[in-house]
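Everything below concerns the one structure shown next.
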Number of protein chains: 2
Amino acid sequence: MRAAVLHAPGETPVVEAFADPEAAQDRPVARLLAAGLNPVDLAIAGGNMPFRRVTFPAVAGYEGVGETDDGRRWYVAGPATPFGTLAELMPVPVAEALPVPEGVDPGLAVSLGVAGMAAWLALEYRAHLAPGETVLVLGAGGTVGQIAVQAALALGAGRVVGAARGARSLERIRSLDAHAVAHLREDAEASVRELRDAAPDGYDVILDLLWGEPVTHAIEAAGRGTRLIQVGNSAGPTASLPAPNFRNKLVTIIGHTNFLTPLEARRGAYQHLMEHAAAGRIRLGFEQVPLTDAARAWERLREGHTGKLVIVP
Amino acid sequence: MRAAVLHAPGETPVVEAFADPEAAQDRPVARLLAAGLNPVDLAIAGGNMPFRRVTFPAVAGYEGVGETDDGRRWYVAGPATPFGTLAELMPVPVAEALPVPEGVDPGLAVSLGVAGMAAWLALEYRAHLAPGETVLVLGAGGTVGQIAVQAALALGAGRVVGAARGARSLERIRSLDAHAVAHLREDAEASVRELRDAAPDGYDVILDLLWGEPVTHAIEAAGRGTRLIQVGNSAGPTASLPAPNFRNKLVTIIGHTNFLTPLEARRGAYQHLMEHAAAGRIRLGFEQVPLTDAARAWERLREGHTGKLVIVP
């Protein structure tokens with residue numbers, strides 16, 4: 001088969017021939033329909049993700065959607081190394097793979113994997129979002145953020161505010177039926193005012209994909225008892241947090257990562273995401289890149305490309 | 001009556017004559033047995049605590065233990081202004097006052113008010129400490145910290161570690177039957193090593209009274225799913241927190257303040273504290289200061305005195 005093959009830690013994969021995976025009773029082989037290309041792939045290739053260690057050569061790619069010979073479609077995360085998802089064929093560990101319904105485009109289905117589950121699990125499993133609550137998505141213009149805005153609406157949030165730094169992101173958030181947007185700026189006072197004006201009664205839940213400066217502004221604008229779910233830090237790994245500001249409002253800061261979340265919780269989240277996607281309630285723009293161009297797409301991601309990249313055979 | 005009277009925001013009170021409080025059906029008058037002198041008193045006098053606004057002149061003091069004519073003893077927090085607890089007499093709002101049993105010294109009973117409830121509520125009500133769990137008290141040498149070490153033991157913690165910066169504090173923590181102590185230092189690596197060595201299996205709960213640098217060291221040493229309860233920030237109001245360090249371990253940071261905790265939770269906490277105090281399981285050293293010297297004690301507190309100060313008539 002053709003595959004994007006990693007030869008050394010941190011290097012860009014090379015698209016070349018690689019041995020086909022062998023089918024087994026509990027691990028049939030699927031033809032790839034779509035694979036996600038995510039920052040986590042670079043981190044795995046660099047040896048920076050303890051939950052997935054590869055020995056070289058190995059096929060790149062952590063998540064993919066494929067079809068087995070019986071016509072069933074599966075979402076697979078982390079197929080047994082040396083196999084990966086940036087390949088024409090991938091093994092499907094049936095016990096852990098998640099079914100993908102017919103009505104969902106494979107590109108969307110794979111985009112709702114790592115990114116979709118981060119959004120859904122943060123809101124539902126970690127924040128216990130209740131119907132009618134007010135949600136702020138901090139960094140709503142990115143992939144996880146766009147899904148989170150739609151997931152919050154699907155979960156019955158009473159008011160959903162999307163906050164972002166760029167004008168194009170704000171435009172994108174508006175198109176997702178968010179109730180309001182907040183423009184994050186360098187000027188702390190202006191940011192806090194935007195966040196407050198967007199939800200005068202305060203936020204019950206903040207899904208934070210940014211950290212850095214914006215999270216301190218969001219905590220300023222938080223209300224009593226706000227649950228802040230920390231999911232990403234694209235504005236910087238470190239934030240300066242004044243303790244009295246969140247302690248005296250009983251704010252809770254809850255770390256979330258999919259990778260330590262039990263399979264059953266992930267399975268449930270993915271099933272809900274598929275239902276909403278099939279019903280058209282969760283949409284996402286993504287760019288399809290043929291497998292032959294995977295190396296170039298990998299470089300673009302490394303250089304800071306932020307839109308969703310989906311690899312197709 | 002004699003009382004420590006505040007005349008202007010931020011000023012030291014003057015011990016002088018003040019009108020007696022008038023008894024009412026639901027608000028008898030108690031003779032003071034012991035009053036706490038706490039940092040919160042200075043904050044209230046400075047106009048910095050939204051939950052308690054005073055108009056001048058007013059009696060200083062937020063918490064006290066007194067005895068009514070029927071021989072019953074009460075812990076009172078925040079008697080209606082212009083009255084306070086640094087006075088020979090104080091009104092007792094029966095609906096909110098908490099009974100103090102005969103067997104507990106009034107000085108200890110008042111020390112277990114704001115400080116005791118902060119420790120107990122953080123561990124029991126906010127962290128949901130379960131029997132057998134491992135607890136780190138960050139800043140265990142101070143008043144809340146010493147109570148927290150004993151409260152954690154009383155709540156059935158399997159291992160209790162007290163961390164502090166000074167040698168005298170470490171000595172004090174050892175005398176409280178903590179399983180281990182950790183010496184916090186400027187050197188981050190040494191601090192993290194001390195914290196790890198003191199609990200090789202990690203911490204389930206961290207009660208943080210320090211924030212600042214030490215909290216980042218504690219998060220380094222935290223385990224998967226640690227609940228960190230933020231109660232005080234005597235090492236500094238701001239901490240630089242790297243998000244991946246706590247997110248990827250599913251650490252939760254939970255702000256706590258007594259002042260937004262429902263009365264029934266505070267009532268339950270205080271009752272448990274009184275039971276453990278009566279049984280000798282919770283002890284605390286404190287310095288008794290006569291009411292006539294309250295102004296000097298106030299100045300010492302402002303200058304940074306850290307030991308527990310109890311005002312007696």
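Within each chain, counting starts at residue 1; across the structure tokens, chains are named A, B, ... in the order shown, with ligands numbered 1 upward in that order.
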For chain B against chain A, which residues fall within 6 Å using only C-alpha atoms, given as a PyMOL selection string?
chain B and resi 237-243+247-248+250-257
Can you tell me which residues surround Gly84 of chain A at a distance of at most 9 Å, considering only C-alpha atoms, apart from same-chain residues fewer than 3 positions away, and format the answer as a ChimeraX atom specification?
/A:3-5,58-64,77-81,87,89-91
Output the selection as a CSV table (one decimal), in the first residue's frame - all heavy atoms for each residue.
chain,number,residue,atom,x,y,z
A,3,ALA,N,1.7,4.8,1.8
A,3,ALA,CA,1.5,5.4,3.1
A,3,ALA,C,2.5,6.5,3.3
A,3,ALA,O,3.5,6.6,2.6
A,3,ALA,CB,1.7,4.3,4.2
A,4,ALA,N,2.2,7.4,4.3
A,4,ALA,CA,3.1,8.5,4.7
A,4,ALA,C,3.9,7.9,5.8
A,4,ALA,O,3.4,7.6,6.9
A,4,ALA,CB,2.3,9.7,5.2
A,5,VAL,N,5.2,7.6,5.6
A,5,VAL,CA,6.0,6.8,6.5
A,5,VAL,C,7.0,7.7,7.2
A,5,VAL,O,7.8,8.5,6.6
A,5,VAL,CB,6.8,5.7,5.7
A,5,VAL,CG1,7.6,4.9,6.6
A,5,VAL,CG2,5.8,4.9,4.9
A,58,ALA,N,7.6,3.9,10.6
A,58,ALA,CA,6.2,3.7,11.0
A,58,ALA,C,5.3,4.6,10.2
A,58,ALA,O,5.7,5.6,9.7
A,58,ALA,CB,6.0,4.0,12.5
A,59,VAL,N,4.0,4.1,10.0
A,59,VAL,CA,3.1,5.0,9.3
A,59,VAL,C,2.6,6.1,10.2
A,59,VAL,O,2.3,5.9,11.4
A,59,VAL,CB,1.9,4.1,8.8
A,59,VAL,CG1,0.9,5.0,8.1
A,59,VAL,CG2,2.4,3.0,7.9
A,60,ALA,N,2.6,7.3,9.7
A,60,ALA,CA,2.1,8.5,10.4
A,60,ALA,C,0.6,8.5,10.5
A,60,ALA,O,-0.1,7.7,9.8
A,60,ALA,CB,2.6,9.8,9.8
A,61,GLY,N,0.1,9.3,11.4
A,61,GLY,CA,-1.4,9.5,11.5
A,61,GLY,C,-2.0,8.8,12.6
A,61,GLY,O,-1.9,7.6,12.8
A,62,TYR,N,-2.8,9.6,13.4
A,62,TYR,CA,-3.4,9.0,14.6
A,62,TYR,C,-4.9,8.6,14.4
A,62,TYR,O,-5.3,7.7,15.0
A,62,TYR,CB,-3.3,10.1,15.7
A,62,TYR,CG,-3.9,9.6,17.0
A,62,TYR,CD1,-3.3,8.7,17.8
A,62,TYR,CD2,-5.1,10.2,17.5
A,62,TYR,CE1,-3.8,8.2,19.0
A,62,TYR,CE2,-5.7,9.8,18.7
A,62,TYR,CZ,-5.0,8.8,19.4
A,62,TYR,OH,-5.6,8.4,20.6
A,63,GLU,N,-5.6,9.4,13.6
A,63,GLU,CA,-7.0,9.1,13.5
A,63,GLU,C,-7.5,9.0,12.0
A,63,GLU,O,-6.9,9.7,11.2
A,63,GLU,CB,-7.9,10.1,14.2
A,63,GLU,CG,-7.8,11.6,13.7
A,63,GLU,CD,-8.7,12.5,14.4
A,63,GLU,OE1,-9.6,12.1,15.2
A,63,GLU,OE2,-8.5,13.7,14.2
A,64,GLY,N,-8.4,8.1,11.8
A,64,GLY,CA,-8.9,7.9,10.4
A,64,GLY,C,-10.3,7.3,10.4
A,64,GLY,O,-10.7,6.7,11.4
A,77,ALA,N,-8.8,5.4,16.2
A,77,ALA,CA,-7.8,6.3,16.8
A,77,ALA,C,-6.6,5.4,17.3
A,77,ALA,O,-6.8,4.5,18.0
A,77,ALA,CB,-8.4,7.1,18.0
A,78,GLY,N,-5.4,5.8,16.8
A,78,GLY,CA,-4.2,5.1,17.3
A,78,GLY,C,-4.2,3.6,16.9
A,78,GLY,O,-4.1,2.7,17.8
A,79,PRO,N,-4.2,3.2,15.6
A,79,PRO,CA,-4.1,1.8,15.3
A,79,PRO,C,-2.7,1.3,15.7
A,79,PRO,O,-1.8,2.1,15.8
A,79,PRO,CB,-4.2,1.8,13.7
A,79,PRO,CG,-3.9,3.2,13.3
A,79,PRO,CD,-4.3,4.1,14.4
A,80,ALA,N,-2.6,0.0,16.0
A,80,ALA,CA,-1.3,-0.6,16.5
A,80,ALA,C,-0.2,-0.2,15.6
A,80,ALA,O,-0.2,-0.4,14.4
A,80,ALA,CB,-1.5,-2.1,16.7
A,81,THR,N,0.9,0.3,16.2
A,81,THR,CA,2.1,0.6,15.4
A,81,THR,C,2.7,-0.7,14.9
A,81,THR,O,2.5,-1.7,15.5
A,81,THR,CB,3.1,1.4,16.2
A,81,THR,OG1,3.3,0.7,17.4
A,81,THR,CG2,2.7,2.8,16.5
A,87,ALA,N,-2.5,6.3,5.3
A,87,ALA,CA,-2.2,5.1,4.5
A,87,ALA,C,-3.5,4.6,3.8
A,87,ALA,O,-4.6,4.9,4.3
A,87,ALA,CB,-1.6,4.0,5.4
A,89,LEU,N,-4.5,1.7,3.7
A,89,LEU,CA,-5.1,0.6,4.5
A,89,LEU,C,-4.7,0.8,6.0
A,89,LEU,O,-3.6,1.3,6.3
A,89,LEU,CB,-4.6,-0.8,4.0
A,89,LEU,CG,-4.9,-1.2,2.6
A,89,LEU,CD1,-4.2,-2.5,2.3
A,89,LEU,CD2,-6.4,-1.3,2.3
A,90,MET,N,-5.7,0.5,6.9
A,90,MET,CA,-5.3,0.5,8.3
A,90,MET,C,-6.1,-0.6,9.0
A,90,MET,O,-7.2,-1.0,8.7
A,90,MET,CB,-5.7,1.9,8.9
A,90,MET,CG,-7.2,2.2,8.8
A,90,MET,SD,-7.6,3.8,9.6
A,90,MET,CE,-9.4,3.8,9.4
A,91,PRO,N,-5.4,-1.1,10.1
A,91,PRO,CA,-6.1,-2.1,10.9
A,91,PRO,C,-7.2,-1.5,11.8
A,91,PRO,O,-7.0,-0.4,12.2
A,91,PRO,CB,-5.0,-2.7,11.7
A,91,PRO,CG,-3.9,-1.7,11.8
A,91,PRO,CD,-4.1,-0.8,10.5
Tell me which protein, DNA and RNA residues are within 10 Å of Asp177 of chain B, counting only C-alpha atoms, leaving out same-chain ones fewer than 2 positions away, and put them as a ChimeraX atom specification.
/B:149-150,153,160-162,172-175,179-180
Using the selection just defined, write its residues with N, CA, C and O atoms as a short mmCIF file (atom, residue, chain, number, x, y, z; two decimals), in the first residue's frame.
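File written: part.cif
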data_model
loop_
_atom_site.label_atom_id
_atom_site.label_comp_id
_atom_site.auth_asym_id
_atom_site.auth_seq_id
_atom_site.Cartn_x
_atom_site.Cartn_y
_atom_site.Cartn_z
N VAL B 149 -4.28 19.98 58.57
CA VAL B 149 -3.58 18.70 58.76
C VAL B 149 -4.40 17.81 59.70
O VAL B 149 -4.64 16.62 59.42
N GLN B 150 -4.88 18.39 60.79
CA GLN B 150 -5.63 17.60 61.77
C GLN B 150 -7.02 17.24 61.23
O GLN B 150 -7.53 16.15 61.49
N LEU B 153 -6.69 14.29 58.90
CA LEU B 153 -6.57 13.05 59.68
C LEU B 153 -7.93 12.65 60.26
O LEU B 153 -8.32 11.48 60.19
N VAL B 160 -1.17 12.16 55.16
CA VAL B 160 -1.27 13.63 55.19
C VAL B 160 0.15 14.19 55.20
O VAL B 160 0.96 13.85 56.07
N VAL B 161 0.43 15.03 54.21
CA VAL B 161 1.74 15.66 54.09
C VAL B 161 1.56 17.16 54.32
O VAL B 161 0.68 17.78 53.72
N GLY B 162 2.39 17.72 55.18
CA GLY B 162 2.37 19.16 55.39
C GLY B 162 3.60 19.79 54.75
O GLY B 162 4.72 19.37 55.02
N ARG B 172 6.46 22.35 63.68
CA ARG B 172 5.08 22.42 64.16
C ARG B 172 4.22 21.35 63.48
O ARG B 172 3.38 20.70 64.09
N ILE B 173 4.42 21.17 62.16
CA ILE B 173 3.61 20.21 61.40
C ILE B 173 3.91 18.79 61.89
O ILE B 173 3.00 17.97 62.03
N ARG B 174 5.19 18.51 62.16
CA ARG B 174 5.55 17.17 62.65
C ARG B 174 4.81 16.86 63.94
O ARG B 174 4.35 15.74 64.15
N SER B 175 4.66 17.87 64.81
CA SER B 175 4.01 17.65 66.11
C SER B 175 2.51 17.37 65.96
O SER B 175 1.86 16.98 66.91
N HIS B 179 1.93 12.56 58.40
CA HIS B 179 2.75 11.40 58.01
C HIS B 179 4.11 11.81 57.48
O HIS B 179 5.07 11.07 57.58
N ALA B 180 4.19 12.97 56.87
CA ALA B 180 5.45 13.45 56.33
C ALA B 180 5.38 14.96 56.17
O ALA B 180 4.29 15.54 56.15
#
Check the smallest atom-to-atom distance from each of A:Pro21, A:Gly46, A:Gly285, A:Pro39 to Arg300 of chain A using only C-alpha atoms, then report the winner.
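Comparing A:Pro21, A:Gly46, A:Gly285, A:Pro39 against Arg300 of chain A, the winner is A:Pro39.
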Show me, as a PyMOL selection string, the residues that have an atom within 12 Å of Pro93 of chain B when counting only C-alpha atoms, minus same-chain residues fewer than 6 positions from it.
chain B and resi 21+23-30+66+68+74-81+83+99
Non-local contacts of segment 140-143 of chain B (8 Å; only C-alpha atoms; under 4 positions in same chain excluded) as a ChimeraX atom specification:
/B:115,147-149,162-164,168-170,172-173,209,284,306-308
Residues near segment 13-16 of chain A, anyone? I mean within 9 Å using only C-alpha atoms, not counting same-chain ones fewer than 2 positions away, as JSON, numbers by chain.
{"A": [1, 2, 3, 4, 5, 6, 7, 8, 11, 18, 45, 59, 60, 87, 291, 292, 293, 294, 295, 298]}
Would you mind reading off the distance between atom CA of Ala221 of chain A and atom CA of Val181 of chain A, one decimal, in Å?
14.1 Å
Please return, as a count of residues only, all residues of segment 17-258 of chain B that DSSP assigns to helix (DSSP H, G or I) on the basis of the backbone.
73
Would you list, as a ChimeraX atom specification, the residues of segment 23-139 of chain B that end up in strand (DSSP E or B) under DSSP run on this structure's backbone?
/B:24,27,29-37,58-59,63-67,73-77,87,89-91,98-99,134-138
Could those selected residues go to a file with C-alpha atoms, as a compact mmCIF listing (two decimals), in the first residue's frame?
# COMPACT_ATOMS: atom_id res chain seq x y z
CA ALA B 24 -34.20 41.50 71.07
CA ARG B 27 -31.04 38.57 69.03
CA VAL B 29 -26.77 39.92 73.84
CA ALA B 30 -23.75 37.80 74.82
CA ARG B 31 -20.80 38.61 77.01
CA LEU B 32 -17.63 38.10 74.99
CA LEU B 33 -15.43 35.13 75.92
CA ALA B 34 -12.99 35.30 72.99
CA ALA B 35 -12.79 37.06 69.64
CA GLY B 36 -10.60 36.24 66.66
CA LEU B 37 -8.33 38.89 65.23
CA ALA B 58 -18.31 50.90 64.26
CA VAL B 59 -16.99 48.15 66.52
CA GLU B 63 -15.93 36.62 64.74
CA GLY B 64 -16.35 35.91 68.42
CA VAL B 65 -17.54 33.42 71.02
CA GLY B 66 -19.81 34.70 73.76
CA GLU B 67 -22.17 33.50 76.47
CA ARG B 73 -22.26 29.69 74.31
CA TRP B 74 -22.33 30.86 70.71
CA TYR B 75 -19.95 31.36 67.84
CA VAL B 76 -20.97 34.54 66.01
CA ALA B 77 -19.66 35.72 62.64
CA ALA B 87 -16.18 44.36 72.48
CA LEU B 89 -20.85 42.66 74.52
CA MET B 90 -22.12 41.49 71.15
CA PRO B 91 -25.54 40.75 69.66
CA LEU B 98 -23.42 28.33 65.94
CA PRO B 99 -23.52 26.57 69.31
CA THR B 134 -3.52 11.26 50.29
CA VAL B 135 -3.65 14.94 51.17
CA LEU B 136 -1.05 17.68 50.77
CA VAL B 137 -1.51 20.83 52.85
CA LEU B 138 0.48 23.55 51.11
Interatomic distance (Å, one decimal) between atom CA of Ala151 of chain B and atom CA of Gly71 of chain B:
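About the pair atom CA of Ala151 of chain B and atom CA of Gly71 of chain B: they are 28.8 Å apart.
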